[in-house]
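**Student:** Dumping the structure here so I can ask a few things about it.
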Amino acid sequence: MSFFNKMLASVGIGSAKVDTKLDSDTVVPGGEIRGVVEIQGGNVEQRIDDIYLTLNTTYIKEADDKKYTVPAQIDRFRLTESFVLMANERKVIPFSFILAPDTPLSIGKTKVWIATGLDIKNAVDPTDKDYLQVVPNQIMDSVLQAINGLGFRLREADCEQAPHRLRRRLPFIQEFEFVPVSGPFRGRLDEVEITFFPVSANDIEILMQVDRKVRGLSSLFSEALNMDESNLRFTVNQGDIPHMQQKIQSIIQSYS
């Protein structure tokens with residue numbers, strides 16, 4: 001490669017382009033993602049030091065009484081060793097990986113995407129972004145359907161910075177906030193919040209906060225002390241699916 005062409009490559013002129021194509025953009029947590037990364041060489045040859053995929057989202061972080069939206073990397077996958085991409089050469093690299101079980105769902109404001117990058121020394125690194133539709137797995141869907149069947153409506157779903165006591169692999173948790181609009185808990189509860197914590201392929205721990213309706217001065221005093229809230233943990237599995245609504249109703253009933 002001539003000195004002039006090296007200069008062009010180092011500032012990203014005539015450099016490689018990358019495009020990731022997914023077999024499907026819809027996946028459940030713990031499910032498999034398949035696709036190919038297509039790399040198109042530019043006008044000059046370039047050494048590709050690394051090809052990587054990162055799984056990303058954003059979450060709300062609070063500092064100095066202000067809320068910020070910050071990026072978070074859920075996972076990272078390296079696809080190849082370094083190689084030289086010739087001028088105008090086209091490479092297609094297939095890949096597959098398992099989505100982390102604690103990947104947040106694409107519900108509410110939550111977005112999840114795959115970023116593809118080429119690491120090229122002394123050059124502008126090409127990148128590509130592909131959004132995923134992360135949908136509930138069978139157990140999660142059963143829980144959400146059960147809560148909906150009890151007359152609750154999803155008001156908000158957000159990824160927020162995890163309190164220290166709830167922090168696990170990731171710095172955030174995804175909270176689902178429901179309000180009762182009909183059914184047995186309308187007028188009795190203000191809201192119910194849940195968070196999913198996958199334990200295994202067949203078990204999910206649920207953190208639930210039940211916020212009771214305020215009635216009278218004593219209840220107002222209780223609310224001021226957060227005594228109107230109950231925090232509980234329980235585990236659901238595949239075997240609970242046929243009677244999930246009855247199970248959820250019984251649990252909420254006990255704390256309302």
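Naming scheme: A, B, ... for chains in displayed order of the structure tokens; residues 1 onward per chain; ligands 1 onward as shown.
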So that I can check the surroundings of region 72-87 of chain A, please list as a CSV table (one decimal) with C-alpha atoms, in the first residue's frame every protein, DNA and RNA residue that reaches within 6 Å of it, counting only C-alpha atoms and ignoring chain neighbours fewer than 4 positions away.

**Tutor:**
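Output (part.csv):
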chain,number,residue,atom,x,y,z
A,41,GLY,CA,-13.6,-3.3,1.7
A,42,GLY,CA,-12.9,0.3,0.6
A,43,ASN,CA,-10.4,1.7,-1.9
A,44,VAL,CA,-7.4,0.5,0.1
A,45,GLU,CA,-6.5,-2.6,2.1
A,46,GLN,CA,-6.9,-2.4,5.8
A,47,ARG,CA,-6.1,-4.6,8.8
A,48,ILE,CA,-9.1,-5.4,10.9
A,49,ASP,CA,-7.9,-6.0,14.4
A,50,ASP,CA,-11.3,-7.0,15.8
A,51,ILE,CA,-15.0,-7.5,14.9
A,52,TYR,CA,-17.3,-7.4,17.8
A,53,LEU,CA,-21.0,-7.3,18.6
A,54,THR,CA,-22.3,-5.5,21.7
A,55,LEU,CA,-25.8,-5.8,23.1
A,56,ASN,CA,-26.9,-2.4,24.5
A,57,THR,CA,-29.7,-0.5,26.2
A,58,THR,CA,-30.1,2.7,28.2

**Student:** Would you list the contacts of Glu177 (chain A) as an mmCIF file with C-alpha atoms, in the first residue's frame, taking every protein, DNA or RNA residue within 10 Å and counting only C-alpha atoms, but skipping same-chain residues closer than 3 positions in sequence?

**Tutor:**
data_model
loop_
_atom_site.group_PDB
_atom_site.id
_atom_site.type_symbol
_atom_site.label_atom_id
_atom_site.label_comp_id
_atom_site.auth_asym_id
_atom_site.auth_seq_id
_atom_site.Cartn_x
_atom_site.Cartn_y
_atom_site.Cartn_z
ATOM 1 C CA PHE A 152 -54.355 -3.838 35.884
ATOM 2 C CA ARG A 153 -53.067 -1.614 33.088
ATOM 3 C CA LEU A 154 -49.367 -1.122 32.395
ATOM 4 C CA ARG A 155 -48.633 2.531 33.140
ATOM 5 C CA GLU A 156 -44.867 2.563 32.717
ATOM 6 C CA ALA A 157 -41.930 0.270 32.012
ATOM 7 C CA ASP A 158 -38.452 1.649 32.547
ATOM 8 C CA GLN A 174 -36.388 -3.064 34.615
ATOM 9 C CA GLU A 191 -50.312 0.476 41.982
ATOM 10 C CA VAL A 192 -48.314 -2.716 41.700
ATOM 11 C CA GLU A 193 -44.697 -2.810 40.499
ATOM 12 C CA ILE A 194 -42.836 -5.932 39.431
ATOM 13 C CA THR A 195 -39.271 -6.763 38.415
ATOM 14 C CA MET A 208 -43.297 -7.164 43.676
ATOM 15 C CA GLN A 209 -44.227 -3.939 45.428
#

**Student:** Pick out the residues sitting within 8 Å of Tyr131 (chain A), and hand them over as a PyMOL selection string; count only C-alpha atoms, and ignore anything fewer than 6 positions along from it in its own chain.

**Tutor:** chain A and resi 25+111-114

**Student:** Please list as a list in words every residue within 10 Å of Asn202 (chain A), counting only C-alpha atoms and excluding residues in the same chain fewer than 5 positions away.

**Tutor:**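 In the requested format, the answer is Gln138, Ile139, Val236, Asn237, Gln238 and Gly239 of chain A.
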
**Student:** What does the file look like for those residues with all heavy atoms, as a PDB file, in the first residue's frame?

**Tutor:**
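Okay, selection_13.pdb is ready:
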ATOM      1  N   GLN A 138     -42.138 -17.407  27.819  1.00  0.00           N
ATOM      2  CA  GLN A 138     -43.443 -17.985  28.156  1.00  0.00           C
ATOM      3  C   GLN A 138     -43.852 -17.693  29.600  1.00  0.00           C
ATOM      4  O   GLN A 138     -45.013 -17.369  29.870  1.00  0.00           O
ATOM      5  CB  GLN A 138     -43.402 -19.496  27.908  1.00  0.00           C
ATOM      6  CG  GLN A 138     -44.782 -20.133  27.813  1.00  0.00           C
ATOM      7  CD  GLN A 138     -44.702 -21.602  27.418  1.00  0.00           C
ATOM      8  OE1 GLN A 138     -43.643 -22.206  27.466  1.00  0.00           O
ATOM      9  NE2 GLN A 138     -45.827 -22.169  27.027  1.00  0.00           N
ATOM     10  N   ILE A 139     -42.899 -17.789  30.520  1.00  0.00           N
ATOM     11  CA  ILE A 139     -43.231 -17.548  31.931  1.00  0.00           C
ATOM     12  C   ILE A 139     -43.527 -16.067  32.166  1.00  0.00           C
ATOM     13  O   ILE A 139     -44.515 -15.709  32.821  1.00  0.00           O
ATOM     14  CB  ILE A 139     -42.089 -18.026  32.842  1.00  0.00           C
ATOM     15  CG1 ILE A 139     -41.823 -19.514  32.637  1.00  0.00           C
ATOM     16  CG2 ILE A 139     -42.428 -17.758  34.303  1.00  0.00           C
ATOM     17  CD1 ILE A 139     -40.603 -20.040  33.378  1.00  0.00           C
ATOM     18  N   VAL A 236     -41.747 -18.076  40.241  1.00  0.00           N
ATOM     19  CA  VAL A 236     -42.708 -18.748  39.361  1.00  0.00           C
ATOM     20  C   VAL A 236     -41.931 -19.600  38.369  1.00  0.00           C
ATOM     21  O   VAL A 236     -40.770 -19.323  38.057  1.00  0.00           O
ATOM     22  CB  VAL A 236     -43.614 -17.740  38.606  1.00  0.00           C
ATOM     23  CG1 VAL A 236     -44.533 -17.004  39.571  1.00  0.00           C
ATOM     24  CG2 VAL A 236     -42.777 -16.738  37.814  1.00  0.00           C
ATOM     25  N   ASN A 237     -42.580 -20.647  37.891  1.00  0.00           N
ATOM     26  CA  ASN A 237     -41.931 -21.534  36.927  1.00  0.00           C
ATOM     27  C   ASN A 237     -42.939 -22.029  35.904  1.00  0.00           C
ATOM     28  O   ASN A 237     -44.117 -21.631  35.915  1.00  0.00           O
ATOM     29  CB  ASN A 237     -41.229 -22.691  37.639  1.00  0.00           C
ATOM     30  CG  ASN A 237     -42.176 -23.465  38.534  1.00  0.00           C
ATOM     31  OD1 ASN A 237     -43.297 -23.781  38.148  1.00  0.00           O
ATOM     32  ND2 ASN A 237     -41.721 -23.783  39.742  1.00  0.00           N
ATOM     33  N   GLN A 238     -42.486 -22.891  35.035  1.00  0.00           N
ATOM     34  CA  GLN A 238     -43.320 -23.403  33.944  1.00  0.00           C
ATOM     35  C   GLN A 238     -44.598 -24.056  34.471  1.00  0.00           C
ATOM     36  O   GLN A 238     -45.669 -23.929  33.881  1.00  0.00           O
ATOM     37  CB  GLN A 238     -42.508 -24.420  33.139  1.00  0.00           C
ATOM     38  CG  GLN A 238     -42.952 -24.600  31.701  1.00  0.00           C
ATOM     39  CD  GLN A 238     -42.475 -23.494  30.784  1.00  0.00           C
ATOM     40  OE1 GLN A 238     -41.514 -22.808  31.100  1.00  0.00           O
ATOM     41  NE2 GLN A 238     -43.142 -23.317  29.658  1.00  0.00           N
ATOM     42  N   GLY A 239     -44.485 -24.736  35.604  1.00  0.00           N
ATOM     43  CA  GLY A 239     -45.639 -25.429  36.152  1.00  0.00           C
ATOM     44  C   GLY A 239     -46.726 -24.508  36.661  1.00  0.00           C
ATOM     45  O   GLY A 239     -47.879 -24.938  36.849  1.00  0.00           O
TER      46      GLY A 239
END

**Student:** I want to know what sits within 7 Å of region 32-35 of chain A, based on only C-alpha atoms, with residues of the same chain fewer than 2 positions away left out; could you give that as a PyMOL selection string?

**Tutor:** chain A and resi 21-23+30+37+94-99

**Student:** Which one of A:Phe234, A:Pro101, A:Gly117, A:Val135 sits closest to Arg169 (chain A) if you count only C-alpha atoms?

**Tutor:**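 Ranked by minimum distance to Arg169 (chain A), first place goes to A:Pro101.
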
**Student:** Could you go through region 47-225 of chain A and tell me which residues DSSP, when run on the backbone, assigns to strand (DSSP E or B), listing them as a ChimeraX atom specification?

**Tutor:** /A:47-63,66-80,83-85,90-98,112-120,127-134,152-161,172-180,189-198,203-212

**Student:** Measuring atom to atom with only C-alpha atoms, identify which of A:Glu175, A:Leu150, A:Asp128, A:Ala63 is nearest to Glu38 (chain A).

**Tutor:**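 Using only C-alpha atoms, Glu38 (chain A) sits closest to A:Asp128.
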
**Student:** Which residues, written as a PyMOL selection string, have at least one atom at most 10 Å from region 142-149 of chain A, with only C-alpha atoms counted and residues fewer than 6 positions away on the same chain left out?

**Tutor:** chain A and resi 136+176+178-183+192+194+196+206+236-238+240-249+252

**Student:** Please save N, CA and C atoms of the selected residues as a compact mmCIF listing (two decimals), in the first residue's frame.

**Tutor:**
# COMPACT_ATOMS: atom_id res chain seq x y z
N PRO A 136 -41.43 -11.03 25.88
CA PRO A 136 -41.42 -11.89 27.07
C PRO A 136 -41.33 -13.37 26.70
N PHE A 176 -41.81 -2.70 35.97
CA PHE A 176 -43.10 -2.60 35.30
C PHE A 176 -44.11 -2.09 36.32
N PHE A 178 -47.94 -1.06 37.23
CA PHE A 178 -49.32 -1.29 36.84
C PHE A 178 -50.27 -0.54 37.77
N VAL A 179 -51.39 -0.06 37.20
CA VAL A 179 -52.45 0.56 38.00
C VAL A 179 -53.75 -0.21 37.78
N PRO A 180 -54.56 -0.39 38.85
CA PRO A 180 -55.81 -1.13 38.70
C PRO A 180 -56.90 -0.24 38.10
N VAL A 181 -57.44 -0.64 36.97
CA VAL A 181 -58.50 0.15 36.32
C VAL A 181 -59.84 -0.58 36.35
N SER A 182 -59.81 -1.85 36.73
CA SER A 182 -61.03 -2.64 36.87
C SER A 182 -60.69 -3.86 37.73
N GLY A 183 -61.66 -4.71 37.97
CA GLY A 183 -61.38 -5.94 38.69
C GLY A 183 -61.35 -5.78 40.20
N VAL A 192 -49.14 -1.54 41.46
CA VAL A 192 -48.31 -2.72 41.70
C VAL A 192 -47.11 -2.62 40.77
N ILE A 194 -43.54 -4.66 39.43
CA ILE A 194 -42.84 -5.93 39.43
C ILE A 194 -41.51 -5.81 38.68
N PHE A 196 -38.52 -8.65 37.09
CA PHE A 196 -38.16 -10.05 36.84
C PHE A 196 -36.67 -10.26 37.13
N ILE A 206 -39.59 -13.03 41.19
CA ILE A 206 -40.28 -11.76 40.96
C ILE A 206 -40.23 -10.94 42.24
N VAL A 236 -41.75 -18.08 40.24
CA VAL A 236 -42.71 -18.75 39.36
C VAL A 236 -41.93 -19.60 38.37
N ASN A 237 -42.58 -20.65 37.89
CA ASN A 237 -41.93 -21.53 36.93
C ASN A 237 -42.94 -22.03 35.90
N GLN A 238 -42.49 -22.89 35.03
CA GLN A 238 -43.32 -23.40 33.94
C GLN A 238 -44.60 -24.06 34.47
N ASP A 240 -46.39 -23.23 36.89
CA ASP A 240 -47.39 -22.26 37.39
C ASP A 240 -48.26 -21.68 36.28
N ILE A 241 -47.84 -21.86 35.03
CA ILE A 241 -48.52 -21.18 33.92
C ILE A 241 -50.03 -21.46 33.86
N PRO A 242 -50.48 -22.72 34.00
CA PRO A 242 -51.93 -22.97 33.89
C PRO A 242 -52.78 -22.22 34.92
N HIS A 243 -52.20 -21.92 36.10
CA HIS A 243 -52.99 -21.24 37.14
C HIS A 243 -52.27 -19.97 37.62
N MET A 244 -51.55 -19.31 36.71
CA MET A 244 -50.77 -18.13 37.08
C MET A 244 -51.65 -17.00 37.62
N GLN A 245 -52.81 -16.78 37.02
CA GLN A 245 -53.64 -15.66 37.47
C GLN A 245 -54.13 -15.88 38.90
N GLN A 246 -54.51 -17.11 39.22
CA GLN A 246 -54.96 -17.40 40.58
C GLN A 246 -53.81 -17.21 41.57
N LYS A 247 -52.60 -17.63 41.18
CA LYS A 247 -51.44 -17.48 42.06
C LYS A 247 -51.13 -16.01 42.32
N ILE A 248 -51.09 -15.20 41.25
CA ILE A 248 -50.79 -13.77 41.40
C ILE A 248 -51.87 -13.08 42.24
N GLN A 249 -53.14 -13.43 41.98
CA GLN A 249 -54.24 -12.82 42.72
C GLN A 249 -54.13 -13.15 44.21
N ILE A 252 -51.24 -11.02 45.76
CA ILE A 252 -51.60 -9.60 45.92
C ILE A 252 -52.65 -9.46 47.02

**Student:** In Å, how far is it from CA of Lys66 (chain A) to CA of Glu160 (chain A)?

**Tutor:**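 Atom-to-atom, CA of Lys66 (chain A) to CA of Glu160 (chain A), that is 13.1 Å.
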
**Student:** Could you tell me how far CA of Glu205 (chain A) lies from CA of Gln133 (chain A), in Å and to one decimal?

**Tutor:**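 It comes out at 22.6 Å.
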
**Student:** Ranking A:Gly108, A:Asp65, A:Ala100, A:Val134 by minimum distance to Thr26 (chain A) and counting only C-alpha atoms, which one comes first?

**Tutor:**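 Checking each candidate against Thr26 (chain A), we get A:Val134 as the closest.
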
**Student:** Which residues in region 89-170 of chain A does DSSP call alpha helix (DSSP H)? List them as JSON, numbers by chain.

**Tutor:** {"A": [138, 139, 140, 141, 142, 143, 144, 145, 146, 147, 148, 149]}
